[in-house]
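So this block is model-v4.cif, mmCIF, C-alpha atoms:
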data_upload
loop_
_atom_site.label_atom_id
_atom_site.label_comp_id
_atom_site.auth_asym_id
_atom_site.auth_seq_id
_atom_site.Cartn_x
_atom_site.Cartn_y
_atom_site.Cartn_z
CA MET M 376 159.62 112.09 72.60
CA GLY M 377 158.76 115.23 70.65
CA ASP M 378 159.01 118.64 72.25
CA LEU M 379 157.62 122.05 71.36
CA PHE M 380 159.60 125.20 72.05
CA CYS M 381 160.11 128.77 70.88
CA ALA M 382 163.43 130.37 70.08
CA ASP M 383 165.02 133.48 68.63
CA GLU M 384 166.60 132.59 65.32
CA ASN M 385 169.00 134.58 63.15
CA SER M 386 168.98 134.55 59.37
CA ASN M 387 171.34 131.57 59.29
CA GLY M 388 168.88 129.43 61.22
CA VAL M 389 170.94 129.24 64.41
CA ILE M 390 168.81 128.86 67.50
CA ASN M 391 169.85 131.45 70.08
CA GLY M 392 166.94 132.22 72.37
CA LYS M 393 164.79 130.57 74.99
CA LEU M 394 161.06 130.49 75.49
CA GLY M 395 159.87 134.00 76.26
CA HIS M 396 163.17 135.68 75.36
CA SER M 397 162.74 138.99 73.54
CA SER M 398 164.06 139.11 69.98
CA PRO M 399 166.83 141.62 69.16
CA ASN M 400 166.95 143.44 65.82
CA GLY M 401 167.71 141.14 62.92
CA TYR M 402 166.23 138.09 64.62
CA ARG M 403 162.83 136.48 64.18
CA LYS M 404 160.77 134.57 66.70
CA SER M 405 159.95 130.97 65.73
CA CYS M 406 158.24 128.05 67.40
CA TRP M 407 159.78 124.66 66.77
CA TYR M 408 158.93 120.99 67.02
CA GLU M 409 161.78 118.72 68.03
CA GLU M 410 161.83 114.91 68.00
CA GLU M 411 164.58 112.82 69.48
CA ILE M 412 165.22 110.16 66.83
CA GLU M 413 168.14 108.59 68.66
CA GLU M 414 169.96 109.38 71.88
CA ASN M 415 172.39 111.71 70.09
CA LEU M 416 170.24 112.74 67.12
CA ARG M 417 167.33 115.16 67.04
CA TRP M 418 165.11 116.34 64.19
CA SER M 419 163.41 119.71 64.38
CA PHE M 420 161.43 122.05 62.18
CA ALA M 421 159.70 125.40 62.48
CA LEU M 422 155.99 125.76 63.17
CA ASN M 423 153.41 128.22 61.99
CA SER M 424 151.14 127.22 64.84
CA ILE M 425 150.05 124.46 67.21
CA LEU M 426 146.56 123.56 66.03
CA HIS M 427 145.62 121.12 68.76
CA THR M 428 147.09 119.07 71.59
CA GLY M 429 145.36 116.50 73.74
CA ALA M 430 145.57 113.07 75.26
CA SER M 431 143.43 109.97 75.08
CA LYS M 432 143.73 107.12 77.55
CA TYR M 433 146.11 105.45 75.09
CA GLN M 434 148.18 108.20 73.49
CA ASP M 435 149.24 111.84 73.47
CA ILE M 436 148.01 113.61 70.33
CA ALA M 437 149.08 116.82 68.60
CA LEU M 438 148.29 118.47 65.29
CA LEU M 439 150.92 120.98 64.20
CA ASP M 440 151.01 123.41 61.30
CA THR M 441 154.65 123.12 60.24
CA LYS M 442 156.50 125.42 57.88
CA PRO M 443 158.27 122.74 55.79
CA PHE M 444 155.68 119.91 55.83
CA GLY M 445 152.23 121.46 56.33
CA LYS M 446 149.88 119.91 58.89
CA ALA M 447 151.57 117.13 60.85
CA LEU M 448 150.00 114.53 63.14
CA VAL M 449 152.15 113.62 66.15
CA ILE M 450 151.29 110.74 68.49
CA ASP M 451 153.30 109.91 71.61
CA GLY M 452 155.99 112.33 70.52
CA LYS M 453 156.49 110.58 67.17
CA LEU M 454 155.57 112.18 63.85
CA GLN M 455 152.96 109.94 62.20
CA SER M 456 152.33 111.78 58.95
CA ALA M 457 152.70 115.19 57.36
CA GLU M 458 150.47 116.85 54.79
CA VAL M 459 153.20 117.43 52.20
CA ASP M 460 154.52 113.86 51.92
CA GLU M 461 152.02 111.47 53.54
CA PHE M 462 151.07 110.27 50.07
CA ILE M 463 154.44 108.49 49.81
CA TYR M 464 153.74 106.43 52.92
CA HIS M 465 150.10 105.66 52.19
CA GLU M 466 150.48 104.83 48.51
CA SER M 467 153.39 102.54 49.39
CA LEU M 468 151.41 100.82 52.15
CA VAL M 469 148.15 100.31 50.26
CA HIS M 470 148.68 99.89 46.55
CA PRO M 471 151.27 97.07 46.33
CA PRO M 472 149.08 94.48 48.12
CA LEU M 473 145.85 95.58 46.44
CA LEU M 474 147.51 95.52 43.02
CA HIS M 475 149.12 92.12 43.56
CA HIS M 476 145.78 90.64 44.62
CA PRO M 477 143.77 89.66 41.52
CA ASN M 478 140.44 90.94 42.85
CA ALA M 479 140.64 92.61 46.27
CA LYS M 480 137.10 93.18 47.56
CA THR M 481 137.33 93.09 51.34
CA ILE M 482 140.05 94.92 53.29
CA PHE M 483 140.80 95.10 57.01
CA ILE M 484 142.92 97.96 58.38
CA MET M 485 144.61 97.52 61.74
CA GLY M 486 144.88 101.06 63.04
CA GLY M 487 144.61 103.69 60.33
CA GLY M 488 142.63 106.18 62.42
CA GLU M 489 144.01 109.06 60.39
CA GLY M 490 141.86 107.95 57.44
CA SER M 491 144.55 108.21 54.76
CA THR M 492 144.93 104.43 54.37
CA ALA M 493 141.18 104.08 53.86
CA ARG M 494 141.30 106.94 51.35
CA GLU M 495 143.84 105.13 49.18
CA ILE M 496 142.04 101.76 49.46
CA LEU M 497 138.73 103.30 48.40
CA ARG M 498 140.30 104.49 45.15
CA HIS M 499 140.37 100.83 44.01
CA LYS M 500 137.37 99.94 41.85
CA THR M 501 137.23 96.32 43.07
CA VAL M 502 136.84 97.23 46.73
CA GLU M 503 133.43 96.56 48.24
CA LYS M 504 134.08 96.75 51.98
CA VAL M 505 136.76 98.31 54.18
CA VAL M 506 136.89 97.71 57.92
CA MET M 507 139.06 100.23 59.77
CA CYS M 508 139.71 99.02 63.31
CA ASP M 509 141.44 101.53 65.57
CA ILE M 510 141.72 101.22 69.33
CA ASP M 511 141.57 104.96 69.98
CA GLU M 512 138.24 106.65 69.25
CA GLU M 513 139.65 110.04 70.19
CA VAL M 514 142.29 109.80 67.46
CA VAL M 515 139.65 108.85 64.88
CA ASP M 516 137.35 111.70 65.93
CA PHE M 517 140.30 114.08 66.01
CA CYS M 518 141.31 113.19 62.44
CA LYS M 519 137.72 113.40 61.20
CA ALA M 520 137.54 116.93 62.57
CA TYR M 521 140.93 118.25 61.49
CA LEU M 522 142.12 116.35 58.38
CA ALA M 523 139.91 117.67 55.59
CA VAL M 524 141.84 115.70 52.94
CA ASN M 525 140.19 112.49 54.23
CA LYS M 526 136.66 113.82 54.67
CA GLU M 527 135.37 112.01 51.58
CA ALA M 528 136.87 108.70 52.70
CA PHE M 529 135.32 108.95 56.16
CA CYS M 530 131.91 109.50 54.52
CA ASP M 531 132.22 106.60 52.04
CA ALA M 532 129.49 103.99 52.57
CA ARG M 533 131.99 101.16 51.99
CA LEU M 534 133.97 102.15 55.09
CA ASP M 535 133.04 100.57 58.42
CA ILE M 536 134.84 102.14 61.40
CA ILE M 537 135.21 99.94 64.46
CA ILE M 538 136.70 101.10 67.75
CA ASN M 539 138.44 98.06 69.17
CA ASP M 540 141.80 96.42 69.61
CA ALA M 541 142.65 94.85 66.24
CA ARG M 542 143.61 91.55 67.85
CA ASN M 543 140.27 91.32 69.68
CA GLU M 544 138.34 92.25 66.56
CA LEU M 545 140.04 89.69 64.34
CA GLU M 546 139.84 86.92 66.95
CA SER M 547 136.22 87.54 67.95
CA LYS M 548 134.78 87.61 64.44
CA LYS M 549 134.70 84.92 61.76
CA ASP M 550 135.05 87.35 58.84
CA CYS M 551 137.93 86.83 56.41
CA TYR M 552 139.52 89.38 54.11
CA ASP M 553 141.38 89.57 50.82
CA VAL M 554 143.92 92.02 52.23
CA ILE M 555 144.84 92.88 55.82
CA ILE M 556 146.86 96.07 56.34
CA GLY M 557 148.90 96.93 59.42
CA ASP M 558 148.83 100.73 59.64
CA LEU M 559 149.85 100.66 63.27
CA ALA M 560 151.90 103.01 65.37
CA ASP M 561 155.55 102.04 65.61
CA PRO M 562 156.55 99.39 68.15
CA ILE M 563 157.73 101.66 70.95
CA GLU M 564 158.23 100.64 74.54
CA GLY M 565 155.11 101.44 76.56
CA GLY M 566 153.05 101.99 73.40
CA PRO M 567 149.85 100.05 72.60
CA CYS M 568 150.93 98.36 69.36
CA TYR M 569 154.12 96.31 69.76
CA LYS M 570 152.21 93.06 70.46
CA LEU M 571 150.74 93.29 66.95
CA TYR M 572 154.17 92.73 65.38
CA THR M 573 154.73 89.28 66.91
CA LYS M 574 155.01 85.85 65.31
CA SER M 575 152.07 84.49 67.32
CA PHE M 576 149.85 87.36 66.20
CA TYR M 577 150.76 86.91 62.54
CA GLU M 578 150.41 83.12 62.69
CA PHE M 579 147.31 82.64 64.83
CA THR M 580 145.33 85.86 64.34
CA VAL M 581 146.19 87.47 60.99
CA LYS M 582 146.79 84.49 58.71
CA PRO M 583 143.57 82.62 59.61
CA ARG M 584 141.56 85.76 58.73
CA LEU M 585 142.93 85.92 55.17
CA ASN M 586 140.93 84.45 52.31
CA PRO M 587 142.75 82.00 50.00
CA GLY M 588 145.29 84.04 48.04
CA GLY M 589 145.06 86.79 50.63
CA ILE M 590 147.85 89.29 51.25
CA PHE M 591 149.08 90.90 54.46
CA VAL M 592 151.13 94.10 54.54
CA THR M 593 152.49 96.09 57.44
CA GLN M 594 154.44 99.26 57.97
CA ALA M 595 157.70 98.06 59.49
CA GLY M 596 159.52 101.08 60.84
CA PRO M 597 162.72 102.82 59.77
CA ALA M 598 164.57 101.05 56.96
CA GLY M 599 167.59 103.29 56.49
CA ILE M 600 171.15 102.13 56.10
CA PHE M 601 171.72 102.44 59.87
CA SER M 602 168.17 102.31 61.27
CA HIS M 603 166.83 99.15 59.61
CA THR M 604 168.21 96.89 62.35
CA GLU M 605 165.92 98.48 64.96
CA VAL M 606 162.77 96.58 63.92
CA PHE M 607 162.57 96.32 60.10
CA SER M 608 164.89 93.32 59.78
CA CYS M 609 163.32 91.31 62.59
CA ILE M 610 159.74 92.00 61.44
CA TYR M 611 160.83 90.72 58.03
CA ASN M 612 162.38 87.60 59.53
CA THR M 613 159.31 87.03 61.71
CA LEU M 614 156.95 87.15 58.73
CA ARG M 615 159.21 84.68 56.91
CA GLN M 616 158.41 82.15 59.64
CA VAL M 617 154.68 82.48 58.89
CA PHE M 618 154.24 83.16 55.16
CA LYS M 619 155.73 81.48 52.10
CA TYR M 620 156.37 84.68 50.12
CA VAL M 621 157.64 87.85 51.84
CA VAL M 622 158.63 91.08 50.06
CA PRO M 623 160.32 93.95 51.93
CA TYR M 624 160.43 97.39 50.31
CA SER M 625 161.23 100.95 51.31
CA ALA M 626 161.03 104.63 50.35
CA HIS M 627 162.49 107.87 51.59
CA ILE M 628 159.97 110.06 53.43
CA PRO M 629 161.34 113.59 53.97
CA SER M 630 159.31 114.41 57.09
CA TYR M 631 160.51 111.21 58.78
CA ALA M 632 164.15 112.16 58.17
CA ASP M 633 164.76 108.57 57.08
CA THR M 634 163.92 105.78 54.68
CA TRP M 635 160.80 103.89 55.75
CA GLY M 636 159.96 100.22 55.34
CA TRP M 637 156.95 98.04 54.56
CA ILE M 638 156.68 94.28 54.29
CA MET M 639 154.17 92.38 52.17
CA ALA M 640 153.48 88.69 52.79
CA SER M 641 151.33 85.92 51.33
CA ASP M 642 151.22 82.21 50.65
CA SER M 643 150.62 83.06 46.99
CA PRO M 644 153.45 84.38 44.77
CA LEU M 645 154.04 88.15 44.67
CA VAL M 646 155.72 88.40 41.30
CA LEU M 647 154.14 91.15 39.17
CA ASN M 648 156.64 93.12 37.11
CA ALA M 649 156.57 96.87 36.50
CA ASP M 650 154.48 96.68 33.31
CA GLU M 651 151.92 94.38 34.91
CA LEU M 652 151.62 96.70 37.91
CA ASP M 653 151.15 99.71 35.63
CA LEU M 654 148.37 97.91 33.77
CA ARG M 655 146.56 97.12 37.00
CA ILE M 656 147.00 100.71 38.19
CA LYS M 657 145.35 101.92 34.98
CA GLN M 658 142.53 99.38 35.24
CA ASN M 659 141.83 99.42 38.97
CA ILE M 660 142.64 102.81 40.53
CA LYS M 661 140.57 105.95 40.25
CA GLY M 662 142.68 109.05 39.71
CA GLU M 663 146.44 109.23 39.36
CA ASN M 664 148.99 108.17 41.94
CA ARG M 665 151.42 110.89 42.93
CA TYR M 666 154.22 108.52 43.91
CA LEU M 667 153.78 104.85 43.11
CA ASP M 668 153.90 103.19 39.69
CA GLY M 669 155.36 99.92 38.46
CA LYS M 670 158.94 101.09 38.16
CA THR M 671 158.78 102.83 41.53
CA PHE M 672 157.69 99.65 43.29
CA SER M 673 160.29 97.58 41.44
CA SER M 674 162.94 100.02 42.62
CA ALA M 675 161.53 100.16 46.17
CA SER M 676 161.75 96.38 46.52
CA ILE M 677 165.43 96.28 45.50
CA LEU M 678 167.13 97.10 48.78
CA SER M 679 170.73 98.19 49.18
CA LYS M 680 173.51 95.64 49.61
CA ALA M 681 173.95 96.42 53.30
CA VAL M 682 170.23 96.12 54.09
CA ARG M 683 169.84 92.93 52.04
CA LYS M 684 172.76 91.38 53.90
CA SER M 685 171.22 92.28 57.26
CA LEU M 686 167.84 90.86 56.30
CA ASN M 687 169.39 87.65 54.99
CA ASN M 688 171.40 87.21 58.20
CA GLU M 689 168.64 88.21 60.63
CA THR M 690 167.74 85.44 63.10
CA HIS M 691 165.65 87.36 65.64
CA VAL M 692 161.96 86.46 65.78
CA TYR M 693 159.64 89.10 67.23
CA THR M 694 157.70 87.85 70.25
CA GLU M 695 156.16 89.60 73.24
CA GLY M 696 159.03 88.39 75.37
CA THR M 697 161.78 89.33 72.90
CA ALA M 698 160.27 92.51 71.45
CA ARG M 699 162.45 95.15 69.83
CA PHE M 700 161.47 98.80 69.87
CA ILE M 701 162.32 101.91 67.93
CA TYR M 702 163.74 104.77 69.97
CA GLY M 703 161.14 106.58 72.07
CA HIS M 704 158.47 105.79 74.60
CA GLY M 705 154.70 105.61 74.65
CA LYS M 706 152.51 106.48 77.60
CA GLN M 707 153.50 104.30 80.52
CA GLU M 708 150.20 104.46 82.38
CA HIS M 709 146.70 104.28 80.93
CA ALA M 710 143.84 106.12 82.62
#

Kindly return the structure encoded in the file as structure tokens.
Amino acid sequence: MGDLFCADENSNGVINGKLGHSSPNGYRKSCWYEEEIEENLRWSFALNSILHTGASKYQDIALLDTKPFGKALVIDGKLQSAEVDEFIYHESLVHPPLLHHPNAKTIFIMGGGEGSTAREILRHKTVEKVVMCDIDEEVVDFCKAYLAVNKEAFCDARLDIIINDARNELESKKDCYDVIIGDLADPIEGGPCYKLYTKSFYEFTVKPRLNPGGIFVTQAGPAGIFSHTEVFSCIYNTLRQVFKYVVPYSAHIPSYADTWGWIMASDSPLVLNADELDLRIKQNIKGENRYLDGKTFSSASILSKAVRKSLNNETHVYTEGTARFIYGHGKQEHA
């Protein structure tokens, strides 16, 4: 869980004080955000201010103005995205599936209340309709109010915002989509999203809602040399049980203090090379990507020897009864 605290700090960055402690000469007062990544590992950074904190019936929410990463959205004590580097995450999540699809017109986002995933999708000239389905209306309203970078996306006529559980929405409607995107919170114990990483959900809810040639992609948690065995490897193995072609890829995101993973899956081949991806970027996307091009994706999808070995040897299949979680906890009781 993330914590907020103030401390007296000397010029070498050593934390010396406690909340409310007066600062001696030569020291400066700073407020800090601290997140416990593992039991013996914490990640912290200085804040300019705390812009907002609150709680919905599903999640705790905070918007922080951080010194190294700009505005940062924190949900259930886990950093979701930061202003300075969120483009790495969202370009990596959105553009590979939309570029591999020959003519992506209809897109369904599971989660995505922040609006950044919709923003990147709506840059594609082929897109006619985007359904963003987030369970938490307070998060969506919060992001509409505070994240100016996504204001244009929230106002786009092609975007349809639905407040519902993604499983209920997909199962209750007959609509099918060219691309379905899992921009969900991490699978954490007590959180609302872990059931949407299971084999049964992928097989009986997601896959039937894809048009022929459709592509599914999901964020898949930490994918670092040590952290990838938390959930990344088993989500990959789970999708391999459901789809014919599965492509894992990763990128370093500074504000996450780790490499992050995504997994793209389809029953149609996912085989575009760097030059073909660059051509589609030029033809299909309005404006210039800051992070992703053909060579970047080709590099991102070539994982290290250790991670490849783990993925090849992974046997765990993600189910509700055998769920794996990343470190941390969601809200245990819903109002």

Picked residues, the PyMOL selection byres ((chain M and resi 505) around 12), as a VMD selection string: chain M and resid 479 to 485 487 490 492 to 499 501 to 504 506 to 508 528 to 529 531 to 537 551 to 556

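Here CA of Tyr620 (chain M) stands at a distance of 8.3 Å from CA of Met639 (chain M).
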
Quick one: which region 559-637 of chain M residues come within 12 Å of region 411-428 of chain M, and what is the nearest atom pair for each with the distance in Å to one decimal, counting all atoms listed in the file, rows ordered by chain and ascending number, as JSON lines?
{"residue": "M:Pro597", "atom": "CA", "partner": "M:Ile412", "partner_atom": "CA", "distance": 10.5}
{"residue": "M:Phe601", "atom": "CA", "partner": "M:Glu413", "partner_atom": "CA", "distance": 11.3}
{"residue": "M:Ser602", "atom": "CA", "partner": "M:Glu413", "partner_atom": "CA", "distance": 9.7}
{"residue": "M:Glu605", "atom": "CA", "partner": "M:Glu413", "partner_atom": "CA", "distance": 11.0}
{"residue": "M:Pro629", "atom": "CA", "partner": "M:Trp418", "partner_atom": "CA", "distance": 11.2}
{"residue": "M:Ser630", "atom": "CA", "partner": "M:Trp418", "partner_atom": "CA", "distance": 9.4}
{"residue": "M:Tyr631", "atom": "CA", "partner": "M:Trp418", "partner_atom": "CA", "distance": 8.8}
{"residue": "M:Ala632", "atom": "CA", "partner": "M:Trp418", "partner_atom": "CA", "distance": 7.4}
{"residue": "M:Asp633", "atom": "CA", "partner": "M:Ile412", "partner_atom": "CA", "distance": 9.9}

Give one line per residue of region 430-475 of chain M that approaches region 642-647 of chain M to at most 12 Å, naming the two atoms of the closest pair and their distance in Å to one decimal, counting all atoms listed in the file; sort by chain then ascending residue number and deliver it as a tab-separated table.
residue	atom	partner	partner_atom	distance
M:Pro471	CA	M:Leu645	CA	9.5
M:Pro472	CA	M:Leu645	CA	8.8
M:Leu473	CA	M:Leu645	CA	11.2
M:Leu474	CA	M:Leu647	CA	8.8
M:His475	CA	M:Leu645	CA	6.4

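Against the coordinates shown, the PyMOL selection byres ((chain M and resi 520) around 12) returns Leu426, His427, Leu438, Gly488, Glu489, Gly490, Glu513, Val514, Val515, Asp516, Phe517, Cys518, Lys519, Tyr521, Leu522, Ala523, Val524, Asn525, Lys526 and Phe529 of chain M.
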
Residue among M:Glu663, M:Thr593, M:Leu686, M:Ala626 lying closest to Ser641 (chain M), counting only C-alpha atoms: M:Thr593

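From CA of Tyr693 (chain M) back to CA of Tyr572 (chain M), the distance works out to 6.8 Å.
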
Residues matched by the PyMOL selection byres ((chain M and resi 464) around 9), written as a PDB file with C-alpha atoms, in the coordinates of the input:
ATOM      1  CA  SER M 456     152.330 111.780  58.950  1.00  0.00           C
ATOM      2  CA  ASP M 460     154.520 113.860  51.920  1.00  0.00           C
ATOM      3  CA  GLU M 461     152.020 111.470  53.540  1.00  0.00           C
ATOM      4  CA  PHE M 462     151.070 110.270  50.070  1.00  0.00           C
ATOM      5  CA  ILE M 463     154.440 108.490  49.810  1.00  0.00           C
ATOM      6  CA  HIS M 465     150.100 105.660  52.190  1.00  0.00           C
ATOM      7  CA  GLU M 466     150.480 104.830  48.510  1.00  0.00           C
ATOM      8  CA  SER M 467     153.390 102.540  49.390  1.00  0.00           C
ATOM      9  CA  LEU M 468     151.410 100.820  52.150  1.00  0.00           C
ATOM     10  CA  VAL M 469     148.150 100.310  50.260  1.00  0.00           C
ATOM     11  CA  GLN M 594     154.440  99.260  57.970  1.00  0.00           C
ATOM     12  CA  ALA M 626     161.030 104.630  50.350  1.00  0.00           C
ATOM     13  CA  HIS M 627     162.490 107.870  51.590  1.00  0.00           C
ATOM     14  CA  ILE M 628     159.970 110.060  53.430  1.00  0.00           C
ATOM     15  CA  TRP M 635     160.800 103.890  55.750  1.00  0.00           C
TER      16      TRP M 635
END

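Of the listed residues M:Asp440, M:Glu578, M:Glu527, M:Asp561, the one whose atoms come nearest to Trp407 (chain M) is M:Asp440, with distances taken using only C-alpha atoms.
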
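Of the residues listed (M:Gly445, M:Glu458, M:Phe607, M:His470), M:His470 shows the shortest atom-to-atom separation from Ile660 (chain M); distances use only C-alpha atoms.
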
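Pairwise distance (CA of Gln658 (chain M), CA of Thr634 (chain M)) equals 29.6 Å.
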
Residue nearest Ser685 (chain M) - candidates M:Ile538, M:Leu614, M:Ala598, M:Ala640, atoms counted: all atoms listed in the file: M:Ala598

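The nearest approach to Tyr433 (chain M) among the residues M:Cys406, M:Ala560, M:Ala595, M:Ile590, with all atoms listed in the file taken into account, belongs to M:Ala560.
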
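Shortest separation to Val606 (chain M) among M:Asn664, M:Phe700, M:His691, M:Ser673 occurs at residue M:Phe700, atoms counted being all atoms listed in the file.
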
Protein/DNA/RNA residues near (151.4, 82.9, 57.6), cut 10 Å, all atoms listed in the file, as a PyMOL selection string: chain M and resi 574-583+585+590-591+613-621+640-642

Residues of the last selection are to be written out with C-alpha atoms, as a PDB file, keeping the file's coordinate frame.
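Writing done, so here's out23.pdb:
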ATOM      1  CA  LYS M 574     155.010  85.850  65.310  1.00  0.00           C
ATOM      2  CA  SER M 575     152.070  84.490  67.320  1.00  0.00           C
ATOM      3  CA  PHE M 576     149.850  87.360  66.200  1.00  0.00           C
ATOM      4  CA  TYR M 577     150.760  86.910  62.540  1.00  0.00           C
ATOM      5  CA  GLU M 578     150.410  83.120  62.690  1.00  0.00           C
ATOM      6  CA  PHE M 579     147.310  82.640  64.830  1.00  0.00           C
ATOM      7  CA  THR M 580     145.330  85.860  64.340  1.00  0.00           C
ATOM      8  CA  VAL M 581     146.190  87.470  60.990  1.00  0.00           C
ATOM      9  CA  LYS M 582     146.790  84.490  58.710  1.00  0.00           C
ATOM     10  CA  PRO M 583     143.570  82.620  59.610  1.00  0.00           C
ATOM     11  CA  LEU M 585     142.930  85.920  55.170  1.00  0.00           C
ATOM     12  CA  ILE M 590     147.850  89.290  51.250  1.00  0.00           C
ATOM     13  CA  PHE M 591     149.080  90.900  54.460  1.00  0.00           C
ATOM     14  CA  THR M 613     159.310  87.030  61.710  1.00  0.00           C
ATOM     15  CA  LEU M 614     156.950  87.150  58.730  1.00  0.00           C
ATOM     16  CA  ARG M 615     159.210  84.680  56.910  1.00  0.00           C
ATOM     17  CA  GLN M 616     158.410  82.150  59.640  1.00  0.00           C
ATOM     18  CA  VAL M 617     154.680  82.480  58.890  1.00  0.00           C
ATOM     19  CA  PHE M 618     154.240  83.160  55.160  1.00  0.00           C
ATOM     20  CA  LYS M 619     155.730  81.480  52.100  1.00  0.00           C
ATOM     21  CA  TYR M 620     156.370  84.680  50.120  1.00  0.00           C
ATOM     22  CA  VAL M 621     157.640  87.850  51.840  1.00  0.00           C
ATOM     23  CA  ALA M 640     153.480  88.690  52.790  1.00  0.00           C
ATOM     24  CA  SER M 641     151.330  85.920  51.330  1.00  0.00           C
ATOM     25  CA  ASP M 642     151.220  82.210  50.650  1.00  0.00           C
TER      26      ASP M 642
END
